[in-house]
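S.K.: Questions regarding the structure given below will be posed in turn.
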Number of protein chains: 2
Amino acid sequence: MNQLKEALETLKETGVRITPQRHAILEYLINSMSHPTADEIYKALEGKFPNMSVATVYNNLRVFREVGLVKELTYGDASSRFDFVTSHHYHVICQDCGKIVDFHYPGLDEVEQLATHVTGFKVSNHRMEIYGSCPECTAKEEKKEVQH
Amino acid sequence: MNQLKEALETLKETGVRITPQRHAILEYLINSMSHPTADEIYKALEGKFPNMSVATVYNNLRVFREVGLVKELTYGDASSRFDFVTSHHYHVICQDCGKIVDFHYPGLDEVEQLATHVTGFKVSNHRMEIYGSCPECTAKEEKKEVQH
DNA sequence: TTATTACTTTATAATTGTTATAATTAGTTT
DNA sequence: AAACTAATTATAACAATTATAAAGTAATAA
């Protein structure tokens, strides 16, 4: 149940030192139900750590990613978003407002297997995202249509 | 058969002017069996168009994307790669050398439908990529193992 | 304890992919 | 041809991220 405790345990096991900053970043990632950017994390912890550098946030997010605690979701020019890894899930992303909603679905093992077979790759993982318009944005769009 | 001709036809239909630069970029995208970055395209066409600006490449790739001729694959900080849209296919990406291989697979309509149902989003499309190690890199890796 | 070493954070500079801007050129429409 | 619109160029700006060097902190060894 206590994800933070488990995460800290993982850090210990992998020999990653648990600094106050790391603790805080992890805690924030777990509690935040959103998928924050590095900058959002940085700003959120400004109160607690007035001297913390942005680089620290980036460094530690990378550390967490390498240990497998955190997933990085990249979007070209825009900021990456970071997601504390819990169970296997995908993301549904609103193309209008950028909102990200978790979407639980069994892993696409079949696809991985076929890809292995067809390409000869040693497949390790995959990424899937679903794009569309969230209910709120869809509603707004329809309102506009009516006014025309 | 002639993809370039079809693409130019699409441009005409959508009222996008066919400039020499656009023609060349499209041609390069279609003939290149790789998935070039904007910069690669820029460099490849330097000979033909010594005065062409990088901005032109970016602008036109955006135009092509908006018309649906081209797909943009974003990777966080790293350069986007651009893929001329042919039939529906996915990509298998080597995490060691970055090679991208096309992978034909029926669209994941089922997943989109479920996402629509569960999240209330108006789903328009999805993105899937498979990551792993290509045969060449796997071989290299195994060679290393033996030497240890 | 003290000395040594390795890790971490901080502050800042540098890098890089991409976009915005303004001026120029080319194409279209009247 | 004149007026208008779109496209290209050259350059500057921007924003996300990373590299670097200095300073701080913790772990280990003597």
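Chains: A, B, ... in order of the structure tokens. Residues: from 1 per chain. Ligands: from 1, in order shown.
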Using only C-alpha atoms (C1' of nucleotides) and a cut-off of 12 Å, which residues of chain B sit close to chain C? Please list them as a list of chain:residue names.

M.R.: B:Arg17, B:Ile18, B:Thr19, B:Pro20, B:Thr37, B:Ala38, B:Asp39, B:Val54, B:Ala55, B:Thr56, B:Val57, B:Tyr58, B:Asn59, B:Arg62, B:Thr74, B:Tyr75, B:Gly76, B:Asp77, B:Ala78, B:Ser79, B:Ser80, B:Arg81

S.K.: Give one line per residue of chain B that approaches chain A to at most 10 Å, naming the two atoms of the closest pair and their distance in Å to one decimal, counting only C-alpha atoms; sort by chain then ascending residue number and deliver it as a Markdown table.

M.R.:
| residue | atom | partner | partner_atom | distance |
| --- | --- | --- | --- | --- |
| B:Glu72 | CA | A:Gly76 | CA | 9.2 |
| B:Leu73 | CA | A:Gly76 | CA | 7.9 |
| B:Thr74 | CA | A:Gly76 | CA | 4.4 |
| B:Tyr75 | CA | A:Gly76 | CA | 5.3 |
| B:Gly76 | CA | A:Thr74 | CA | 4.4 |
| B:Asp77 | CA | A:Gly76 | CA | 6.5 |
| B:Ala78 | CA | A:Gly76 | CA | 7.5 |
| B:Ser79 | CA | A:Gly76 | CA | 7.5 |
| B:Ser80 | CA | A:Gly76 | CA | 6.5 |
| B:Arg81 | CA | A:Gly76 | CA | 9.9 |
| B:Tyr90 | CA | A:Ala115 | CA | 9.8 |
| B:His91 | CA | A:Ala115 | CA | 9.3 |
| B:Val92 | CA | A:Ala115 | CA | 7.4 |
| B:Ile93 | CA | A:Phe121 | CA | 8.8 |
| B:Cys94 | CA | A:Phe121 | CA | 7.8 |
| B:Gln95 | CA | A:Ser124 | CA | 9.4 |
| B:Val101 | CA | A:Thr119 | CA | 7.6 |
| B:Asp102 | CA | A:Thr119 | CA | 8.7 |
| B:Phe103 | CA | A:Ala115 | CA | 6.9 |
| B:His104 | CA | A:Ala115 | CA | 8.9 |
| B:Tyr105 | CA | A:Val111 | CA | 8.2 |
| B:Val111 | CA | A:Tyr105 | CA | 8.2 |
| B:Glu112 | CA | A:Ile130 | CA | 7.0 |
| B:Leu114 | CA | A:Tyr105 | CA | 9.0 |
| B:Ala115 | CA | A:Phe103 | CA | 6.9 |
| B:Thr116 | CA | A:Gly132 | CA | 9.0 |
| B:Val118 | CA | A:Phe103 | CA | 7.9 |
| B:Thr119 | CA | A:Val101 | CA | 7.6 |
| B:Gly120 | CA | A:Pro135 | CA | 5.9 |
| B:Phe121 | CA | A:Cys134 | CA | 4.5 |
| B:Lys122 | CA | A:Ser133 | CA | 5.0 |
| B:Val123 | CA | A:Gly132 | CA | 4.0 |
| B:Ser124 | CA | A:Gly132 | CA | 4.8 |
| B:Asn125 | CA | A:Tyr131 | CA | 5.3 |
| B:His126 | CA | A:Ile130 | CA | 4.1 |
| B:Arg127 | CA | A:Glu129 | CA | 5.2 |
| B:Met128 | CA | A:Met128 | CA | 4.2 |
| B:Glu129 | CA | A:Arg127 | CA | 5.1 |
| B:Ile130 | CA | A:His126 | CA | 4.1 |
| B:Tyr131 | CA | A:Asn125 | CA | 5.3 |
| B:Gly132 | CA | A:Val123 | CA | 4.0 |
| B:Ser133 | CA | A:Lys122 | CA | 5.0 |
| B:Cys134 | CA | A:Phe121 | CA | 4.4 |
| B:Pro135 | CA | A:Phe121 | CA | 5.5 |
| B:Glu136 | CA | A:Phe121 | CA | 8.9 |
| B:Cys137 | CA | A:Phe121 | CA | 9.2 |
| B:Thr138 | CA | A:Lys122 | CA | 7.2 |

S.K.: So that I have them on file, write out the residues from the current selection with N, CA and C atoms, as a short mmCIF file (atom, residue, chain, number, x, y, z; two decimals), in the first residue's frame.

M.R.:
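Full text of again.cif as output:
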data_model
loop_
_atom_site.label_atom_id
_atom_site.label_comp_id
_atom_site.auth_asym_id
_atom_site.auth_seq_id
_atom_site.Cartn_x
_atom_site.Cartn_y
_atom_site.Cartn_z
N GLU B 72 4.85 12.86 -37.77
CA GLU B 72 5.99 13.30 -36.99
C GLU B 72 6.13 12.40 -35.77
N LEU B 73 7.35 11.90 -35.56
CA LEU B 73 7.62 11.04 -34.41
C LEU B 73 8.52 11.81 -33.46
N THR B 74 8.00 12.13 -32.30
CA THR B 74 8.77 12.98 -31.38
C THR B 74 9.45 12.16 -30.30
N TYR B 75 10.64 12.61 -29.92
CA TYR B 75 11.42 11.90 -28.92
C TYR B 75 12.05 12.86 -27.94
N GLY B 76 11.24 13.59 -27.22
CA GLY B 76 11.75 14.46 -26.20
C GLY B 76 12.77 15.43 -26.75
N ASP B 77 13.90 15.47 -26.11
CA ASP B 77 14.92 16.41 -26.48
C ASP B 77 15.47 16.14 -27.88
N ALA B 78 15.56 14.90 -28.23
CA ALA B 78 16.16 14.54 -29.51
C ALA B 78 15.27 15.00 -30.67
N SER B 79 15.85 15.01 -31.85
CA SER B 79 15.12 15.48 -33.03
C SER B 79 13.92 14.62 -33.35
N SER B 80 12.88 15.27 -33.82
CA SER B 80 11.75 14.53 -34.35
C SER B 80 12.18 13.84 -35.63
N ARG B 81 11.52 12.73 -35.94
CA ARG B 81 11.75 12.06 -37.21
C ARG B 81 10.45 12.10 -38.00
N TYR B 90 3.51 0.43 -37.79
CA TYR B 90 4.13 0.91 -36.57
C TYR B 90 5.64 0.86 -36.73
N HIS B 91 6.34 1.25 -35.67
CA HIS B 91 7.80 1.26 -35.74
C HIS B 91 8.42 0.44 -34.61
N VAL B 92 9.45 -0.28 -34.98
CA VAL B 92 10.25 -0.99 -33.99
C VAL B 92 11.58 -0.26 -33.92
N ILE B 93 11.97 0.18 -32.74
CA ILE B 93 13.12 1.06 -32.59
C ILE B 93 14.22 0.41 -31.77
N CYS B 94 15.43 0.45 -32.30
CA CYS B 94 16.56 -0.11 -31.56
C CYS B 94 17.08 0.91 -30.55
N GLN B 95 17.12 0.49 -29.31
CA GLN B 95 17.52 1.41 -28.24
C GLN B 95 19.03 1.61 -28.21
N VAL B 101 12.62 0.35 -37.75
CA VAL B 101 12.15 -0.60 -38.73
C VAL B 101 10.62 -0.57 -38.77
N ASP B 102 10.06 -0.57 -39.97
CA ASP B 102 8.61 -0.57 -40.09
C ASP B 102 8.04 -1.92 -39.70
N PHE B 103 6.89 -1.87 -39.12
CA PHE B 103 6.25 -3.09 -38.62
C PHE B 103 4.77 -3.02 -38.95
N HIS B 104 4.36 -3.83 -39.89
CA HIS B 104 2.96 -3.79 -40.32
C HIS B 104 2.09 -4.61 -39.38
N TYR B 105 1.02 -4.00 -38.98
CA TYR B 105 0.14 -4.63 -38.00
C TYR B 105 -1.22 -3.95 -38.13
N VAL B 111 -8.49 -1.15 -28.94
CA VAL B 111 -7.96 -0.34 -27.84
C VAL B 111 -8.58 1.05 -27.87
N GLU B 112 -8.68 1.62 -29.06
CA GLU B 112 -9.26 2.95 -29.18
C GLU B 112 -10.71 2.95 -28.71
N LEU B 114 -12.16 0.89 -26.61
CA LEU B 114 -12.25 0.74 -25.16
C LEU B 114 -11.90 2.06 -24.47
N ALA B 115 -10.88 2.72 -24.96
CA ALA B 115 -10.48 4.00 -24.38
C ALA B 115 -11.62 5.01 -24.48
N THR B 116 -12.26 5.03 -25.62
CA THR B 116 -13.41 5.92 -25.81
C THR B 116 -14.45 5.66 -24.74
N VAL B 118 -14.19 4.03 -21.85
CA VAL B 118 -13.77 4.19 -20.45
C VAL B 118 -13.54 5.65 -20.07
N THR B 119 -12.96 6.42 -20.96
CA THR B 119 -12.56 7.77 -20.58
C THR B 119 -13.52 8.85 -21.06
N GLY B 120 -14.39 8.52 -22.02
CA GLY B 120 -15.29 9.54 -22.55
C GLY B 120 -14.61 10.46 -23.56
N PHE B 121 -13.36 10.16 -23.87
CA PHE B 121 -12.66 10.95 -24.88
C PHE B 121 -13.24 10.68 -26.26
N LYS B 122 -13.11 11.68 -27.11
CA LYS B 122 -13.40 11.48 -28.54
C LYS B 122 -12.06 11.11 -29.16
N VAL B 123 -11.80 9.83 -29.24
CA VAL B 123 -10.47 9.36 -29.65
C VAL B 123 -10.27 9.54 -31.15
N SER B 124 -9.13 10.06 -31.52
CA SER B 124 -8.90 10.28 -32.95
C SER B 124 -7.78 9.39 -33.50
N ASN B 125 -6.81 9.08 -32.69
CA ASN B 125 -5.73 8.23 -33.19
C ASN B 125 -4.87 7.76 -32.03
N HIS B 126 -3.91 6.93 -32.34
CA HIS B 126 -3.00 6.48 -31.29
C HIS B 126 -1.59 6.34 -31.84
N ARG B 127 -0.71 6.11 -30.93
CA ARG B 127 0.69 5.97 -31.30
C ARG B 127 1.22 4.75 -30.59
N MET B 128 1.91 3.90 -31.31
CA MET B 128 2.55 2.78 -30.62
C MET B 128 3.93 2.57 -31.19
N GLU B 129 4.85 2.29 -30.32
CA GLU B 129 6.20 1.98 -30.74
C GLU B 129 6.72 0.83 -29.92
N ILE B 130 7.57 0.05 -30.55
CA ILE B 130 8.14 -1.10 -29.87
C ILE B 130 9.63 -0.88 -29.75
N TYR B 131 10.15 -1.09 -28.56
CA TYR B 131 11.57 -0.85 -28.32
C TYR B 131 12.31 -2.14 -28.03
N GLY B 132 13.55 -2.17 -28.45
CA GLY B 132 14.36 -3.34 -28.19
C GLY B 132 15.74 -3.17 -28.77
N SER B 133 16.34 -4.29 -29.09
CA SER B 133 17.70 -4.27 -29.61
C SER B 133 17.68 -5.00 -30.95
N CYS B 134 18.20 -4.34 -31.99
CA CYS B 134 18.15 -4.95 -33.32
C CYS B 134 19.13 -6.12 -33.39
N PRO B 135 18.98 -7.00 -34.37
CA PRO B 135 19.83 -8.19 -34.45
C PRO B 135 21.31 -7.85 -34.42
N GLU B 136 21.71 -6.82 -35.14
CA GLU B 136 23.12 -6.44 -35.18
C GLU B 136 23.63 -6.07 -33.78
N CYS B 137 22.89 -5.21 -33.12
CA CYS B 137 23.33 -4.77 -31.80
C CYS B 137 23.28 -5.92 -30.79
N THR B 138 22.29 -6.78 -30.94
CA THR B 138 22.21 -7.93 -30.05
C THR B 138 23.44 -8.81 -30.23
#

S.K.: Could you check the closest approach to chain B for each of D:DT25, D:DT5, D:DT11, D:DT17 and tell me which residue wins, using only C-alpha atoms (C1' of nucleotides)?

M.R.: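 Smallest distance to chain B is found for D:DT17.
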
S.K.: One decimal, Å: what's the distance from atom CA of Glu110 of chain A over to atom CA of Val70 of chain B, could you say?

M.R.: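 Those two atoms sit 27.6 Å apart.
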
S.K.: Atom CA of Asn31 of chain B and atom C1' of DA7 of chain D, how far apart in Å?

M.R.: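 Atom-to-atom, atom C1' of DA7 of chain D to atom CA of Asn31 of chain B, that is 24.2 Å.
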
S.K.: Select, from B:Val16, B:Leu11, B:Ser53, B:Leu26, the residue with the minimum atom-to-atom distance to chain D, counting only C-alpha atoms (C1' of nucleotides).

M.R.: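 Comparing B:Val16, B:Leu11, B:Ser53, B:Leu26 against chain D, the winner is B:Ser53.
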
S.K.: Name the residues of chain B that fall into strand (DSSP E) according to DSSP on the backbone, using the chain letters and numbers of this document, as a VMD selection string.

M.R.: chain B and resid 70 to 75 78 to 84 89 to 94 100 to 104 122 to 133

S.K.: Okay, now the selection with N, CA and C atoms, as an mmCIF file, in the first residue's frame?

M.R.:
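Written output follows (again.cif):
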data_model
loop_
_atom_site.group_PDB
_atom_site.id
_atom_site.type_symbol
_atom_site.label_atom_id
_atom_site.label_comp_id
_atom_site.auth_asym_id
_atom_site.auth_seq_id
_atom_site.Cartn_x
_atom_site.Cartn_y
_atom_site.Cartn_z
ATOM 1 N N VAL B 70 2.396 13.359 -43.881
ATOM 2 C CA VAL B 70 3.593 13.009 -43.133
ATOM 3 C C VAL B 70 3.262 12.851 -41.660
ATOM 4 N N LYS B 71 3.927 11.906 -41.033
ATOM 5 C CA LYS B 71 3.778 11.744 -39.592
ATOM 6 C C LYS B 71 5.032 12.197 -38.888
ATOM 7 N N GLU B 72 4.846 12.863 -37.765
ATOM 8 C CA GLU B 72 5.993 13.296 -36.985
ATOM 9 C C GLU B 72 6.133 12.398 -35.768
ATOM 10 N N LEU B 73 7.349 11.895 -35.562
ATOM 11 C CA LEU B 73 7.617 11.042 -34.408
ATOM 12 C C LEU B 73 8.521 11.807 -33.464
ATOM 13 N N THR B 74 8.003 12.134 -32.297
ATOM 14 C CA THR B 74 8.771 12.977 -31.381
ATOM 15 C C THR B 74 9.451 12.156 -30.300
ATOM 16 N N TYR B 75 10.640 12.612 -29.923
ATOM 17 C CA TYR B 75 11.424 11.900 -28.919
ATOM 18 C C TYR B 75 12.053 12.858 -27.936
ATOM 19 N N ALA B 78 15.557 14.902 -28.229
ATOM 20 C CA ALA B 78 16.157 14.545 -29.514
ATOM 21 C C ALA B 78 15.270 14.997 -30.671
ATOM 22 N N SER B 79 15.846 15.012 -31.850
ATOM 23 C CA SER B 79 15.121 15.485 -33.028
ATOM 24 C C SER B 79 13.919 14.620 -33.345
ATOM 25 N N SER B 80 12.876 15.273 -33.819
ATOM 26 C CA SER B 80 11.754 14.527 -34.355
ATOM 27 C C SER B 80 12.182 13.836 -35.635
ATOM 28 N N ARG B 81 11.518 12.727 -35.935
ATOM 29 C CA ARG B 81 11.746 12.058 -37.212
ATOM 30 C C ARG B 81 10.452 12.102 -38.002
ATOM 31 N N PHE B 82 10.606 12.155 -39.320
ATOM 32 C CA PHE B 82 9.428 12.330 -40.164
ATOM 33 C C PHE B 82 9.266 11.150 -41.102
ATOM 34 N N ASP B 83 8.036 10.726 -41.216
ATOM 35 C CA ASP B 83 7.726 9.490 -41.908
ATOM 36 C C ASP B 83 6.624 9.759 -42.916
ATOM 37 N N PHE B 84 6.899 9.481 -44.175
ATOM 38 C CA PHE B 84 5.862 9.631 -45.191
ATOM 39 C C PHE B 84 4.785 8.582 -44.940
ATOM 40 N N HIS B 89 1.185 1.441 -40.377
ATOM 41 C CA HIS B 89 2.238 0.600 -39.809
ATOM 42 C C HIS B 89 2.816 1.243 -38.557
ATOM 43 N N TYR B 90 3.514 0.432 -37.792
ATOM 44 C CA TYR B 90 4.130 0.912 -36.575
ATOM 45 C C TYR B 90 5.644 0.863 -36.725
ATOM 46 N N HIS B 91 6.341 1.249 -35.665
ATOM 47 C CA HIS B 91 7.799 1.258 -35.736
ATOM 48 C C HIS B 91 8.420 0.438 -34.614
ATOM 49 N N VAL B 92 9.454 -0.281 -34.981
ATOM 50 C CA VAL B 92 10.250 -0.985 -33.985
ATOM 51 C C VAL B 92 11.585 -0.262 -33.922
ATOM 52 N N ILE B 93 11.966 0.179 -32.742
ATOM 53 C CA ILE B 93 13.116 1.064 -32.593
ATOM 54 C C ILE B 93 14.221 0.410 -31.769
ATOM 55 N N CYS B 94 15.432 0.447 -32.297
ATOM 56 C CA CYS B 94 16.564 -0.114 -31.560
ATOM 57 C C CYS B 94 17.076 0.907 -30.548
ATOM 58 N N ILE B 100 15.285 2.399 -36.999
ATOM 59 C CA ILE B 100 13.828 2.284 -36.971
ATOM 60 C C ILE B 100 13.370 1.371 -38.093
ATOM 61 N N VAL B 101 12.623 0.355 -37.746
ATOM 62 C CA VAL B 101 12.151 -0.599 -38.731
ATOM 63 C C VAL B 101 10.622 -0.571 -38.767
ATOM 64 N N ASP B 102 10.064 -0.568 -39.972
ATOM 65 C CA ASP B 102 8.606 -0.566 -40.091
ATOM 66 C C ASP B 102 8.036 -1.925 -39.704
ATOM 67 N N PHE B 103 6.885 -1.868 -39.118
ATOM 68 C CA PHE B 103 6.254 -3.090 -38.617
ATOM 69 C C PHE B 103 4.767 -3.025 -38.946
ATOM 70 N N HIS B 104 4.357 -3.834 -39.891
ATOM 71 C CA HIS B 104 2.956 -3.791 -40.318
ATOM 72 C C HIS B 104 2.088 -4.607 -39.381
ATOM 73 N N LYS B 122 -13.107 11.676 -27.113
ATOM 74 C CA LYS B 122 -13.399 11.478 -28.535
ATOM 75 C C LYS B 122 -12.061 11.106 -29.162
ATOM 76 N N VAL B 123 -11.800 9.828 -29.239
ATOM 77 C CA VAL B 123 -10.472 9.364 -29.650
ATOM 78 C C VAL B 123 -10.274 9.545 -31.154
ATOM 79 N N SER B 124 -9.133 10.064 -31.522
ATOM 80 C CA SER B 124 -8.895 10.277 -32.946
ATOM 81 C C SER B 124 -7.780 9.395 -33.503
ATOM 82 N N ASN B 125 -6.814 9.082 -32.693
ATOM 83 C CA ASN B 125 -5.731 8.229 -33.187
ATOM 84 C C ASN B 125 -4.869 7.756 -32.026
ATOM 85 N N HIS B 126 -3.907 6.926 -32.340
ATOM 86 C CA HIS B 126 -3.004 6.475 -31.294
ATOM 87 C C HIS B 126 -1.592 6.339 -31.844
ATOM 88 N N ARG B 127 -0.707 6.107 -30.933
ATOM 89 C CA ARG B 127 0.690 5.966 -31.297
ATOM 90 C C ARG B 127 1.224 4.747 -30.586
ATOM 91 N N MET B 128 1.909 3.897 -31.309
ATOM 92 C CA MET B 128 2.545 2.779 -30.624
ATOM 93 C C MET B 128 3.930 2.569 -31.192
ATOM 94 N N GLU B 129 4.849 2.291 -30.317
ATOM 95 C CA GLU B 129 6.199 1.984 -30.744
ATOM 96 C C GLU B 129 6.724 0.834 -29.918
ATOM 97 N N ILE B 130 7.574 0.049 -30.555
ATOM 98 C CA ILE B 130 8.136 -1.098 -29.865
ATOM 99 C C ILE B 130 9.628 -0.880 -29.747
ATOM 100 N N TYR B 131 10.151 -1.094 -28.565
ATOM 101 C CA TYR B 131 11.566 -0.847 -28.319
ATOM 102 C C TYR B 131 12.311 -2.139 -28.034
ATOM 103 N N GLY B 132 13.554 -2.166 -28.453
ATOM 104 C CA GLY B 132 14.360 -3.337 -28.192
ATOM 105 C C GLY B 132 15.745 -3.170 -28.771
ATOM 106 N N SER B 133 16.344 -4.294 -29.087
ATOM 107 C CA SER B 133 17.699 -4.272 -29.611
ATOM 108 C C SER B 133 17.685 -5.002 -30.953
#

S.K.: Select all residues from chain D having any atom no more than 9 Å from an atom of chain A (counting only C-alpha atoms (C1' of nucleotides), ignoring ligands), output as a PyMOL selection string.

M.R.: chain D and resi 15-18

S.K.: With C-alpha atoms (C1' of nucleotides) retained, export the selected residues as a PDB file, in the first residue's frame.

M.R.:
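This is the output file result.pdb:
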ATOM      1  C1'  DA D  15      12.693  26.811 -24.036  1.00  0.00           C
ATOM      2  C1'  DA D  16      13.950  22.275 -22.420  1.00  0.00           C
ATOM      3  C1'  DT D  17      17.680  19.880 -21.116  1.00  0.00           C
ATOM      4  C1'  DT D  18      22.539  18.810 -20.136  1.00  0.00           C
TER       5       DT D  18
END

S.K.: At a cut-off of 12 Å, using only C-alpha atoms (C1' of nucleotides), what residues contact Glu9 of chain B? Leave out same-chain residues fewer than 5 positions from it and give the result as a ChimeraX atom specification.

M.R.: /B:2-4,14-18,23,67,69

S.K.: Would you write out those residues with C-alpha atoms, as a PDB file, in the first residue's frame?

M.R.:
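The file below, out_29.pdb, is the result:
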ATOM      1  CA  ASN B   2       3.738   6.519 -57.855  1.00  0.00           C
ATOM      2  CA  GLN B   3       3.545   7.906 -54.368  1.00  0.00           C
ATOM      3  CA  LEU B   4       5.086  11.230 -55.230  1.00  0.00           C
ATOM      4  CA  THR B  14      -5.830  21.018 -50.464  1.00  0.00           C
ATOM      5  CA  GLY B  15      -4.607  24.189 -52.107  1.00  0.00           C
ATOM      6  CA  VAL B  16      -1.009  23.964 -50.999  1.00  0.00           C
ATOM      7  CA  ARG B  17       1.358  25.505 -53.469  1.00  0.00           C
ATOM      8  CA  ILE B  18       3.947  23.151 -54.907  1.00  0.00           C
ATOM      9  CA  HIS B  23       8.742  18.954 -54.182  1.00  0.00           C
ATOM     10  CA  VAL B  67      -2.390  17.788 -44.753  1.00  0.00           C
ATOM     11  CA  LEU B  69       0.993  13.326 -45.809  1.00  0.00           C
TER      12      LEU B  69
END
